[in-house]
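Have a look at entry_19.cif; it's mmCIF, C-alpha atoms and all ligand atoms:
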```cif
data_entry
#
loop_
_atom_site.group_PDB
_atom_site.id
_atom_site.type_symbol
_atom_site.label_atom_id
_atom_site.label_comp_id
_atom_site.auth_asym_id
_atom_site.auth_seq_id
_atom_site.Cartn_x
_atom_site.Cartn_y
_atom_site.Cartn_z
ATOM 1 C CA MET A 1 9.578 0.078 25.643
ATOM 2 C CA SER A 2 8.611 -0.202 21.983
ATOM 3 C CA VAL A 3 5.060 0.248 20.800
ATOM 4 C CA LEU A 4 5.193 -3.291 19.477
ATOM 5 C CA ALA A 5 6.625 -4.560 22.759
ATOM 6 C CA LYS A 6 3.858 -2.725 24.603
ATOM 7 C CA SER A 7 1.275 -4.339 22.405
ATOM 8 C CA SER A 8 3.023 -7.692 22.049
ATOM 9 C CA SER A 9 0.640 -9.210 24.577
ATOM 10 C CA ARG A 10 -1.952 -8.515 21.890
ATOM 11 C CA VAL A 11 0.230 -9.195 18.836
ATOM 12 C CA HIS A 12 1.869 -12.581 19.286
ATOM 13 C CA PRO A 13 4.318 -13.755 16.658
ATOM 14 C CA ARG A 14 2.747 -16.401 14.427
ATOM 15 C CA ALA A 15 4.137 -19.550 12.876
ATOM 16 C CA ILE A 16 3.064 -18.153 9.502
ATOM 17 C CA SER A 17 3.827 -14.592 8.463
ATOM 18 C CA ALA A 18 1.143 -12.260 7.111
ATOM 19 C CA PRO A 19 0.920 -11.843 3.340
ATOM 20 C CA VAL A 20 2.633 -8.598 2.276
ATOM 21 C CA ILE A 21 0.612 -6.650 -0.291
ATOM 22 C CA ALA A 22 2.792 -4.133 -2.150
ATOM 23 C CA VAL A 23 0.801 -1.263 -3.684
ATOM 24 C CA ALA A 24 2.658 0.223 -6.648
ATOM 25 C CA SER A 25 2.139 2.274 -9.802
ATOM 26 C CA GLY A 26 4.138 3.561 -12.735
ATOM 27 C CA LYS A 27 2.549 7.013 -12.794
ATOM 28 C CA GLY A 28 2.273 9.145 -9.664
ATOM 29 C CA GLY A 29 -0.937 10.426 -8.118
ATOM 30 C CA VAL A 30 -3.130 7.463 -9.079
ATOM 31 C CA GLY A 31 -4.289 6.840 -5.499
ATOM 32 C CA LYS A 32 -1.805 4.291 -4.067
ATOM 33 C CA THR A 33 -1.513 5.916 -0.662
ATOM 34 C CA TRP A 34 -5.244 6.426 -0.296
ATOM 35 C CA LEU A 35 -5.916 2.826 -1.409
ATOM 36 C CA SER A 36 -3.252 1.459 0.986
ATOM 37 C CA CYS A 37 -4.717 3.389 3.945
ATOM 38 C CA THR A 38 -8.257 2.322 3.065
ATOM 39 C CA MET A 39 -7.301 -1.326 2.577
ATOM 40 C CA ALA A 40 -5.512 -1.312 5.957
ATOM 41 C CA CYS A 41 -8.592 0.183 7.597
ATOM 42 C CA VAL A 42 -10.931 -2.344 5.943
ATOM 43 C CA PHE A 43 -8.690 -5.274 6.945
ATOM 44 C CA ALA A 44 -8.684 -3.969 10.536
ATOM 45 C CA ARG A 45 -12.478 -3.695 10.517
ATOM 46 C CA GLN A 46 -12.612 -7.304 9.303
ATOM 47 C CA GLY A 47 -10.723 -8.257 12.482
ATOM 48 C CA LYS A 48 -7.334 -8.766 10.803
ATOM 49 C CA ARG A 49 -4.232 -7.617 12.689
ATOM 50 C CA THR A 50 -2.898 -5.193 10.150
ATOM 51 C CA LEU A 51 0.366 -3.315 9.602
ATOM 52 C CA LEU A 52 0.553 -0.483 7.064
ATOM 53 C CA VAL A 53 4.092 0.390 5.928
ATOM 54 C CA ASP A 54 4.971 3.700 4.262
ATOM 55 C CA GLY A 55 7.452 2.497 1.665
ATOM 56 C CA ASP A 56 7.470 5.738 -0.335
ATOM 57 C CA PHE A 57 10.882 6.757 0.928
ATOM 58 C CA GLY A 58 11.202 9.922 -1.129
ATOM 59 C CA LEU A 59 7.849 11.489 -0.274
ATOM 60 C CA ALA A 60 6.401 9.604 2.673
ATOM 61 C CA ASN A 61 2.941 10.926 3.528
ATOM 62 C CA VAL A 62 0.813 8.076 4.912
ATOM 63 C CA ASP A 63 0.971 9.689 8.381
ATOM 64 C CA VAL A 64 -0.354 12.935 6.902
ATOM 65 C CA GLN A 65 -3.261 11.188 5.149
ATOM 66 C CA LEU A 66 -4.118 9.412 8.412
ATOM 67 C CA GLY A 67 -3.644 12.448 10.648
ATOM 68 C CA VAL A 68 -1.163 10.763 13.020
ATOM 69 C CA ARG A 69 2.046 12.213 14.454
ATOM 70 C CA PRO A 70 4.568 9.384 14.791
ATOM 71 C CA GLN A 71 7.180 9.653 17.547
ATOM 72 C CA ALA A 72 9.644 7.678 15.433
ATOM 73 C CA ASP A 73 9.834 6.721 11.773
ATOM 74 C CA LEU A 74 11.934 4.764 9.286
ATOM 75 C CA GLY A 75 14.308 7.744 9.066
ATOM 76 C CA ALA A 76 15.156 7.304 12.768
ATOM 77 C CA VAL A 77 15.526 3.550 12.209
ATOM 78 C CA MET A 78 17.989 4.052 9.346
ATOM 79 C CA ARG A 79 20.024 6.510 11.426
ATOM 80 C CA GLY A 80 20.302 3.791 14.074
ATOM 81 C CA TRP A 81 18.375 5.793 16.687
ATOM 82 C CA VAL A 82 15.611 3.240 17.200
ATOM 83 C CA GLU A 83 14.815 -0.347 16.294
ATOM 84 C CA LEU A 84 12.302 -1.005 13.505
ATOM 85 C CA GLU A 85 9.609 -2.179 15.931
ATOM 86 C CA ASP A 86 10.057 1.036 17.965
ATOM 87 C CA ALA A 87 8.773 3.025 14.991
ATOM 88 C CA VAL A 88 5.437 1.162 14.892
ATOM 89 C CA THR A 89 2.707 3.749 15.539
ATOM 90 C CA PRO A 90 -0.923 2.971 16.436
ATOM 91 C CA VAL A 91 -3.704 4.298 14.179
ATOM 92 C CA LEU A 92 -7.286 4.455 15.527
ATOM 93 C CA GLY A 93 -5.987 2.855 18.736
ATOM 94 C CA GLY A 94 -3.707 0.376 16.963
ATOM 95 C CA VAL A 95 -3.932 -3.397 16.638
ATOM 96 C CA GLY A 96 -5.997 -4.757 19.520
ATOM 97 C CA GLN A 97 -8.552 -1.940 19.353
ATOM 98 C CA SER A 98 -11.616 -2.630 17.245
ATOM 99 C CA GLY A 99 -10.949 -1.157 13.779
ATOM 100 C CA GLY A 100 -7.430 -0.054 14.745
ATOM 101 C CA PHE A 101 -4.192 -0.918 12.959
ATOM 102 C CA ASP A 102 -0.457 -0.222 13.157
ATOM 103 C CA LEU A 103 1.638 2.045 10.931
ATOM 104 C CA LEU A 104 5.350 1.909 10.168
ATOM 105 C CA PRO A 105 5.816 5.531 9.045
ATOM 106 C CA GLY A 106 8.306 6.801 6.489
ATOM 107 C CA SER A 107 10.314 9.956 7.026
ATOM 108 C CA SER A 108 7.532 12.450 6.407
ATOM 109 C CA GLY A 109 8.475 15.688 4.706
ATOM 110 C CA SER A 110 12.233 15.329 5.250
ATOM 111 C CA GLY A 111 13.240 13.382 2.143
ATOM 112 C CA ALA A 112 15.752 11.718 4.489
ATOM 113 C CA LEU A 113 15.232 8.306 2.911
ATOM 114 C CA SER A 114 15.361 9.333 -0.724
ATOM 115 C CA ASP A 115 18.814 7.897 -1.407
ATOM 116 C CA LEU A 116 19.054 4.576 0.393
ATOM 117 C CA SER A 117 21.627 2.046 -0.748
ATOM 118 C CA GLN A 118 20.639 -1.392 -2.009
ATOM 119 C CA GLN A 119 21.919 -2.849 1.272
ATOM 120 C CA GLU A 120 19.825 -0.450 3.373
ATOM 121 C CA LEU A 121 16.717 -1.197 1.302
ATOM 122 C CA MET A 122 17.287 -4.917 1.763
ATOM 123 C CA ARG A 123 17.621 -4.361 5.531
ATOM 124 C CA ILE A 124 14.232 -2.660 5.562
ATOM 125 C CA GLY A 125 12.729 -5.469 3.454
ATOM 126 C CA ILE A 126 14.035 -8.110 5.878
ATOM 127 C CA GLY A 127 12.711 -6.057 8.825
ATOM 128 C CA ILE A 128 9.232 -5.880 7.250
ATOM 129 C CA LYS A 129 9.234 -9.640 6.686
ATOM 130 C CA LYS A 130 10.131 -10.160 10.378
ATOM 131 C CA LEU A 131 7.389 -7.791 11.539
ATOM 132 C CA ALA A 132 4.913 -9.659 9.309
ATOM 133 C CA PHE A 133 5.040 -12.561 11.795
ATOM 134 C CA HIS A 134 3.108 -10.354 14.250
ATOM 135 C CA TYR A 135 0.255 -9.618 11.853
ATOM 136 C CA ASP A 136 -2.449 -11.127 9.616
ATOM 137 C CA ARG A 137 -2.031 -8.548 6.830
ATOM 138 C CA VAL A 138 0.776 -6.181 5.808
ATOM 139 C CA VAL A 139 0.078 -3.398 3.288
ATOM 140 C CA LEU A 140 3.131 -1.709 1.773
ATOM 141 C CA ASP A 141 2.583 1.660 0.063
ATOM 142 C CA LEU A 142 5.361 2.148 -2.506
ATOM 143 C CA ALA A 143 6.658 5.156 -4.425
ATOM 144 C CA ALA A 144 5.527 5.781 -8.000
ATOM 145 C CA GLY A 145 7.850 4.609 -10.760
ATOM 146 C CA VAL A 146 10.302 1.791 -11.256
ATOM 147 C CA ASP A 147 13.366 2.843 -9.269
ATOM 148 C CA LYS A 148 15.413 0.440 -7.163
ATOM 149 C CA SER A 149 13.424 0.956 -3.945
ATOM 150 C CA VAL A 150 10.239 -0.161 -5.710
ATOM 151 C CA VAL A 151 11.854 -3.128 -7.431
ATOM 152 C CA LEU A 152 13.660 -4.314 -4.275
ATOM 153 C CA LEU A 153 10.702 -3.889 -1.920
ATOM 154 C CA ALA A 154 8.390 -5.619 -4.404
ATOM 155 C CA LYS A 155 10.589 -8.671 -3.840
ATOM 156 C CA THR A 156 9.380 -8.851 -0.223
ATOM 157 C CA ALA A 157 5.742 -8.955 -1.366
ATOM 158 C CA ASP A 158 3.350 -11.881 -1.728
ATOM 159 C CA ARG A 159 0.976 -9.766 -3.816
ATOM 160 C CA LEU A 160 1.890 -6.913 -6.161
ATOM 161 C CA LEU A 161 -1.090 -4.607 -6.590
ATOM 162 C CA VAL A 162 -0.477 -2.341 -9.592
ATOM 163 C CA VAL A 163 -2.678 0.765 -9.463
ATOM 164 C CA THR A 164 -3.637 2.641 -12.608
ATOM 165 C CA THR A 165 -6.334 5.069 -13.643
ATOM 166 C CA GLU A 166 -8.245 5.078 -16.923
ATOM 167 C CA GLU A 167 -5.766 7.541 -18.471
ATOM 168 C CA PRO A 168 -3.527 6.143 -21.221
ATOM 169 C CA THR A 169 -0.400 7.583 -19.567
ATOM 170 C CA ALA A 170 -1.146 5.771 -16.294
ATOM 171 C CA LEU A 171 -1.870 2.595 -18.228
ATOM 172 C CA ALA A 172 1.381 2.787 -20.214
ATOM 173 C CA ASP A 173 3.318 3.305 -16.963
ATOM 174 C CA ALA A 174 1.469 0.405 -15.306
ATOM 175 C CA TYR A 175 2.642 -1.808 -18.174
ATOM 176 C CA ALA A 176 6.249 -0.579 -17.702
ATOM 177 C CA LEU A 177 6.061 -1.352 -13.965
ATOM 178 C CA ILE A 178 4.699 -4.852 -14.601
ATOM 179 C CA LYS A 179 7.479 -5.476 -17.137
ATOM 180 C CA VAL A 180 10.272 -4.324 -14.790
ATOM 181 C CA THR A 181 8.993 -6.108 -11.661
ATOM 182 C CA GLN A 182 8.348 -9.268 -13.674
ATOM 183 C CA ALA A 183 11.976 -9.292 -14.816
ATOM 184 C CA SER A 184 13.267 -9.069 -11.216
ATOM 185 C CA SER A 185 10.530 -11.109 -9.458
ATOM 186 C CA PRO A 186 9.243 -13.639 -12.031
ATOM 187 C CA THR A 187 7.141 -15.559 -9.486
ATOM 188 C CA LEU A 188 5.286 -12.434 -8.288
ATOM 189 C CA ALA A 189 2.064 -12.410 -10.321
ATOM 190 C CA PRO A 190 0.651 -8.875 -10.603
ATOM 191 C CA PHE A 191 -2.880 -7.887 -9.639
ATOM 192 C CA VAL A 192 -4.356 -4.685 -11.085
ATOM 193 C CA ALA A 193 -6.557 -2.003 -9.507
ATOM 194 C CA VAL A 194 -8.170 0.575 -11.805
ATOM 195 C CA ASN A 195 -8.803 3.600 -9.574
ATOM 196 C CA MET A 196 -10.851 6.780 -10.084
ATOM 197 C CA ALA A 197 -12.896 5.011 -12.758
ATOM 198 C CA ASP A 198 -15.947 6.724 -14.212
ATOM 199 C CA LYS A 199 -17.878 3.468 -13.995
ATOM 200 C CA ARG A 200 -17.067 -0.137 -13.144
ATOM 201 C CA ILE A 201 -17.595 -1.133 -16.787
ATOM 202 C CA SER A 202 -15.223 1.544 -18.147
ATOM 203 C CA GLY A 203 -12.573 0.507 -15.605
ATOM 204 C CA LYS A 204 -12.979 -3.115 -16.645
ATOM 205 C CA ARG A 205 -12.449 -2.132 -20.303
ATOM 206 C CA VAL A 206 -9.205 -0.390 -19.370
ATOM 207 C CA PHE A 207 -8.041 -3.512 -17.533
ATOM 208 C CA ASP A 208 -8.920 -5.701 -20.538
ATOM 209 C CA HIS A 209 -6.674 -3.529 -22.704
ATOM 210 C CA LEU A 210 -3.754 -3.805 -20.249
ATOM 211 C CA HIS A 211 -4.315 -7.548 -19.978
ATOM 212 C CA LYS A 212 -4.112 -7.922 -23.753
ATOM 213 C CA VAL A 213 -0.874 -5.922 -24.010
ATOM 214 C CA CYS A 214 0.721 -7.946 -21.165
ATOM 215 C CA GLU A 215 -0.371 -11.207 -22.774
ATOM 216 C CA ASN A 216 0.973 -10.225 -26.211
ATOM 217 C CA HIS A 217 4.290 -8.716 -25.132
ATOM 218 C CA LEU A 218 5.133 -10.382 -21.802
ATOM 219 C CA LYS A 219 3.220 -13.659 -22.111
ATOM 220 C CA LEU A 220 1.729 -12.724 -18.750
ATOM 221 C CA ARG A 221 -1.892 -12.499 -17.603
ATOM 222 C CA PRO A 222 -2.341 -10.047 -14.724
ATOM 223 C CA ALA A 223 -5.500 -10.506 -12.647
ATOM 224 C CA LEU A 224 -8.036 -7.765 -12.057
ATOM 225 C CA ALA A 225 -8.282 -7.221 -8.285
ATOM 226 C CA GLY A 226 -10.980 -4.624 -8.824
ATOM 227 C CA VAL A 227 -12.204 -1.291 -10.156
ATOM 228 C CA VAL A 228 -12.621 1.624 -7.714
ATOM 229 C CA ARG A 229 -14.954 4.376 -8.822
ATOM 230 C CA ARG A 230 -14.167 8.071 -8.551
ATOM 231 C CA ASP A 231 -15.902 9.295 -5.418
ATOM 232 C CA ALA A 232 -16.031 12.804 -3.918
ATOM 233 C CA ARG A 233 -15.924 11.257 -0.428
ATOM 234 C CA VAL A 234 -12.289 10.233 -1.059
ATOM 235 C CA PRO A 235 -10.799 13.769 -1.252
ATOM 236 C CA ASP A 236 -13.187 14.761 1.544
ATOM 237 C CA SER A 237 -11.772 12.104 3.885
ATOM 238 C CA ILE A 238 -8.176 12.937 2.889
ATOM 239 C CA ARG A 239 -8.800 16.629 3.686
ATOM 240 C CA ALA A 240 -10.201 15.543 7.069
ATOM 241 C CA GLN A 241 -7.107 13.293 7.562
ATOM 242 C CA THR A 242 -9.445 10.438 8.483
ATOM 243 C CA PRO A 243 -9.602 7.015 6.798
ATOM 244 C CA LEU A 244 -12.631 6.797 4.499
ATOM 245 C CA PRO A 245 -14.394 3.963 6.420
ATOM 246 C CA ALA A 246 -14.049 5.933 9.676
ATOM 247 C CA ARG A 247 -15.565 9.085 8.122
ATOM 248 C CA HIS A 248 -18.269 7.729 5.800
ATOM 249 C CA THR A 249 -20.062 4.512 6.696
ATOM 250 C CA SER A 250 -20.944 3.893 3.068
ATOM 251 C CA SER A 251 -19.609 5.137 -0.244
ATOM 252 C CA ASP A 252 -19.034 3.847 -3.775
ATOM 253 C CA ALA A 253 -15.255 3.831 -3.298
ATOM 254 C CA LEU A 254 -15.451 1.927 0.013
ATOM 255 C CA GLU A 255 -17.795 -0.664 -1.495
ATOM 256 C CA ASP A 256 -15.289 -1.101 -4.348
ATOM 257 C CA VAL A 257 -12.269 -1.437 -2.029
ATOM 258 C CA ILE A 258 -14.061 -4.151 -0.036
ATOM 259 C CA SER A 259 -14.647 -6.179 -3.207
ATOM 260 C CA LEU A 260 -11.099 -5.393 -4.458
ATOM 261 C CA ILE A 261 -9.738 -7.037 -1.295
ATOM 262 C CA GLU A 262 -11.714 -10.168 -2.167
ATOM 263 C CA GLY A 263 -10.196 -9.974 -5.654
ATOM 264 C CA LEU A 264 -6.725 -10.334 -4.139
ATOM 265 C CA ALA A 265 -7.621 -13.942 -3.234
ATOM 266 C CA LEU A 266 -5.597 -13.908 0.016
HETATM 267 N N1 LIG A 301 -11.359 6.763 -5.900
HETATM 268 C C1 LIG A 301 -11.043 8.056 -5.846
HETATM 269 N N2 LIG A 301 -11.990 9.010 -6.080
HETATM 270 C C2 LIG A 301 -11.696 10.322 -6.043
HETATM 271 N N3 LIG A 301 -10.453 10.800 -5.805
HETATM 272 C C3 LIG A 301 -9.465 9.923 -5.568
HETATM 273 C C4 LIG A 301 -9.699 8.513 -5.576
HETATM 274 N N4 LIG A 301 -8.522 7.895 -5.314
HETATM 275 C C5 LIG A 301 -7.620 8.863 -5.144
HETATM 276 N N5 LIG A 301 -8.163 10.093 -5.305
HETATM 277 C C6 LIG A 301 -7.487 11.403 -5.252
HETATM 278 O O1 LIG A 301 -6.189 11.250 -5.795
HETATM 279 C C7 LIG A 301 -5.264 11.992 -5.033
HETATM 280 C C8 LIG A 301 -3.940 11.297 -5.045
HETATM 281 O O2 LIG A 301 -4.021 10.162 -4.217
HETATM 282 P P1 LIG A 301 -2.735 9.518 -3.514
HETATM 283 O O3 LIG A 301 -1.943 10.543 -2.806
HETATM 284 O O4 LIG A 301 -3.228 8.357 -2.737
HETATM 285 O O5 LIG A 301 -1.939 9.038 -4.816
HETATM 286 P P2 LIG A 301 -0.523 8.334 -4.893
HETATM 287 O O6 LIG A 301 -0.582 7.371 -6.030
HETATM 288 O O7 LIG A 301 -0.154 7.775 -3.574
HETATM 289 O O8 LIG A 301 0.416 9.562 -5.255
HETATM 290 P P3 LIG A 301 2.031 9.585 -5.263
HETATM 291 O O9 LIG A 301 2.444 8.864 -6.522
HETATM 292 O O10 LIG A 301 2.369 11.034 -5.293
HETATM 293 O O11 LIG A 301 2.491 8.875 -4.028
HETATM 294 C C9 LIG A 301 -5.865 12.114 -3.645
HETATM 295 O O12 LIG A 301 -5.555 13.359 -3.100
HETATM 296 C C10 LIG A 301 -7.330 11.903 -3.832
HETATM 297 O O13 LIG A 301 -8.024 13.120 -3.726
HETATM 298 MG MG MG A 302 1.538 8.062 -2.381
#
```
Could the structure of this file be written out as structure tokens, please?
Amino acid sequence: MSVLAKSSSRVHPRAISAPVIAVASGKGGVGKTWLSCTMACVFARQGKRTLLVDGDFGLANVDVQLGVRPQADLGAVMRGWVELEDAVTPVLGGVGQSGGFDLLPGSSGSGALSDLSQQELMRIGIGIKKLAFHYDRVVLDLAAGVDKSVVLLAKTADRLLVVTTEEPTALADAYALIKVTQASSPTLAPFVAVNMADKRISGKRVFDHLHKVCENHLKLRPALAGVVRRDARVPDSIRAQTPLPARHTSSDALEDVISLIEGLAL
């Protein structure tokens, strides 16, 4: 029996599907996976039935950050060994446990999903949309860059959260990502997260710059979801393979993620 089937007494399909929040960036290493895990954990603590999807098919590592060992993953799904819902893995007890959520893991460490066809990617996108009917929130951690997996999966999203840091290279790549996703999904308005900021005010300045460039060149006004400050408790919780809210009851970064979620206006 699938994990989802086992828990389906707890996770009934809804008439309305959960909003899918795609977390993306141009530049790598800006904190997408950490932010996705933390957002999923915060949603769960707010009582939302939450699914976190590892959509970084080349270098899936959400399971590693969370310290879980999935029995099945998207690699097994794509090989036809299991159904999509059979790969759903509980984290912190899973949906139905206080503070728990579900994970759809990628193919960790194998690179098995690094060369999916457009058709296969669309199959995964449709599968995620179907699963979304069992949840209140779906968070989709994407790969860095603007390749076809990012562009196609962004199409399944209701919110595109573009993560950047204060570095000019990350900002330039965030602009490129917004430009490319806007061309393929014109109705998907981007939200921006400035991560690892020195201060809230410096992060806001960086966003203002990006906003101006998007307005001038794309006639588009991205919204600031929020600024997340650099916080030593983040690498500490990643090293401990424990979500930040489960390891530290309070921290600057956690406070910022909670207000960033409000900034997504879900
Ligand atoms: N707010 C923060 N404060 C301090 N360190 C952070 C913060 N956010 C992320 N980091 C650090 O950045 C590193 C990279 O984070 P993460 O793996 O989530 O990035 P990513 O964007 O998913 O990378 P990739 O593009 O390779 O998938 C983490 O190991 C973590 O230590
Ligand atoms: Mg990542």
Using the chain letters and residue numbers of this document, give as a list of chain:residue names the residues selected by the PyMOL selection byres (((chain A and resi 67) around 10) and not hetatm).
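Listing what the PyMOL selection byres (((chain A and resi 67) around 10) and not hetatm) selects in the shown file: A:Asn61, A:Val62, A:Asp63, A:Val64, A:Gln65, A:Leu66, A:Val68, A:Arg69, A:Pro70, A:Val91, A:Ile238, A:Arg239, A:Ala240, A:Gln241, A:Thr242, A:Pro243.
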Need the shell around stretch 117-129 of chain A: protein/DNA/RNA residues with any atom at most 7 Å away, counting only C-alpha atoms. Skip same-chain ones fewer than 2 positions apart. Format as a ChimeraX atom specification?
/A:84,115,131-132,149,153,156
As a quick test: using only C-alpha atoms and all ligand atoms, which residues lie no more than 8 Å away from ligand LIG 301 (chain A)? Give them as JSON, numbers by chain.
{"A": [24, 25, 27, 28, 29, 30, 31, 32, 33, 34, 35, 36, 56, 59, 60, 61, 141, 142, 143, 144, 163, 195, 196, 197, 228, 229, 230, 231, 232, 233, 234, 235, 236, 238, 253]}
Using C-alpha atoms, can you export the residues from the last selection as a PDB file, in the frame of the given file?
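Written file, out-v6.pdb:
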```pdb
ATOM      1  CA  ALA A  24       2.658   0.223  -6.648  1.00  0.00           C
ATOM      2  CA  SER A  25       2.139   2.274  -9.802  1.00  0.00           C
ATOM      3  CA  LYS A  27       2.549   7.013 -12.794  1.00  0.00           C
ATOM      4  CA  GLY A  28       2.273   9.145  -9.664  1.00  0.00           C
ATOM      5  CA  GLY A  29      -0.937  10.426  -8.118  1.00  0.00           C
ATOM      6  CA  VAL A  30      -3.130   7.463  -9.079  1.00  0.00           C
ATOM      7  CA  GLY A  31      -4.289   6.840  -5.499  1.00  0.00           C
ATOM      8  CA  LYS A  32      -1.805   4.291  -4.067  1.00  0.00           C
ATOM      9  CA  THR A  33      -1.513   5.916  -0.662  1.00  0.00           C
ATOM     10  CA  TRP A  34      -5.244   6.426  -0.296  1.00  0.00           C
ATOM     11  CA  LEU A  35      -5.916   2.826  -1.409  1.00  0.00           C
ATOM     12  CA  SER A  36      -3.252   1.459   0.986  1.00  0.00           C
ATOM     13  CA  ASP A  56       7.470   5.738  -0.335  1.00  0.00           C
ATOM     14  CA  LEU A  59       7.849  11.489  -0.274  1.00  0.00           C
ATOM     15  CA  ALA A  60       6.401   9.604   2.673  1.00  0.00           C
ATOM     16  CA  ASN A  61       2.941  10.926   3.528  1.00  0.00           C
ATOM     17  CA  ASP A 141       2.583   1.660   0.063  1.00  0.00           C
ATOM     18  CA  LEU A 142       5.361   2.148  -2.506  1.00  0.00           C
ATOM     19  CA  ALA A 143       6.658   5.156  -4.425  1.00  0.00           C
ATOM     20  CA  ALA A 144       5.527   5.781  -8.000  1.00  0.00           C
ATOM     21  CA  VAL A 163      -2.678   0.765  -9.463  1.00  0.00           C
ATOM     22  CA  ASN A 195      -8.803   3.600  -9.574  1.00  0.00           C
ATOM     23  CA  MET A 196     -10.851   6.780 -10.084  1.00  0.00           C
ATOM     24  CA  ALA A 197     -12.896   5.011 -12.758  1.00  0.00           C
ATOM     25  CA  VAL A 228     -12.621   1.624  -7.714  1.00  0.00           C
ATOM     26  CA  ARG A 229     -14.954   4.376  -8.822  1.00  0.00           C
ATOM     27  CA  ARG A 230     -14.167   8.071  -8.551  1.00  0.00           C
ATOM     28  CA  ASP A 231     -15.902   9.295  -5.418  1.00  0.00           C
ATOM     29  CA  ALA A 232     -16.031  12.804  -3.918  1.00  0.00           C
ATOM     30  CA  ARG A 233     -15.924  11.257  -0.428  1.00  0.00           C
ATOM     31  CA  VAL A 234     -12.289  10.233  -1.059  1.00  0.00           C
ATOM     32  CA  PRO A 235     -10.799  13.769  -1.252  1.00  0.00           C
ATOM     33  CA  ASP A 236     -13.187  14.761   1.544  1.00  0.00           C
ATOM     34  CA  ILE A 238      -8.176  12.937   2.889  1.00  0.00           C
ATOM     35  CA  ALA A 253     -15.255   3.831  -3.298  1.00  0.00           C
TER      36      ALA A 253
END
```
Go through A:Lys48, A:Asp86, A:Ser108, A:Arg14 one by one, measure the shortest atom-to-atom distance of each to ligand MG 302 (chain A) using all atoms listed in the file, and give the residue with the smallest value.
A:Ser108
Residues matched by the PyMOL selection byres (((chain A and resi 170) around 10) and not hetatm) as a list of chain:residue names:
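When the PyMOL selection byres (((chain A and resi 170) around 10) and not hetatm) is applied to the shown file, the picked residues are A:Ser25, A:Gly26, A:Lys27, A:Gly28, A:Gly29, A:Val30, A:Val163, A:Thr164, A:Thr165, A:Glu166, A:Glu167, A:Pro168, A:Thr169, A:Leu171, A:Ala172, A:Asp173, A:Ala174, A:Tyr175, A:Ala176, A:Val194.
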Step by step, gather every atom of stretch 138-147 of chain A that the file lists, find the box along x, y and z that holds them, add 5 Å on each side, and finally give centre and edge lengths in Å to one decimal, as JSON.
```
{"center_x": 6.7, "center_y": -0.2, "center_z": -2.7, "size_x": 23.3, "size_y": 22.0, "size_z": 27.1}
```
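You will find atom CA of A:Lys212 at 23.2 Å from atom CA of A:Ile261.
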Best match for closeness to ligand MG 302 (chain A) among A:Cys37, A:Leu177, A:Ala183, A:Ala18, counting all atoms listed in the file:
A:Cys37
Suppose you want the space between atom CA of A:Ser17 and atom CA of A:Ser114; what is it in Å?
28.1 Å
Can you turn the PyMOL selection byres (((chain A and resi 87) around 12) and not hetatm) into a concrete residue list for this file, as a PyMOL selection string?
chain A and resi 1-5+51-54+69-78+80-86+88-90+102-107+127-128+131
With all atoms listed in the file as the basis for distance, which of A:Lys148, A:Thr181, A:Val23, A:Arg247 is at the shortest distance from ligand MG 302 (chain A)?
A:Val23
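Atom CA of A:Asp136 sits 11.2 Å away from atom CA of A:Ala15.
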For each of A:Gly55, A:Gly93, A:Gly47, A:Pro13, take the minimum atom-to-atom distance to ligand MG 302 (chain A), counting only C-alpha atoms and all ligand atoms, then give the residue where this is smallest.
A:Gly55
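Of the listed residues A:Leu140, A:Val146, A:Leu254, A:Ala44, the one whose atoms come nearest to ligand MG 302 (chain A) is A:Leu140, with distances taken using only C-alpha atoms and all ligand atoms.
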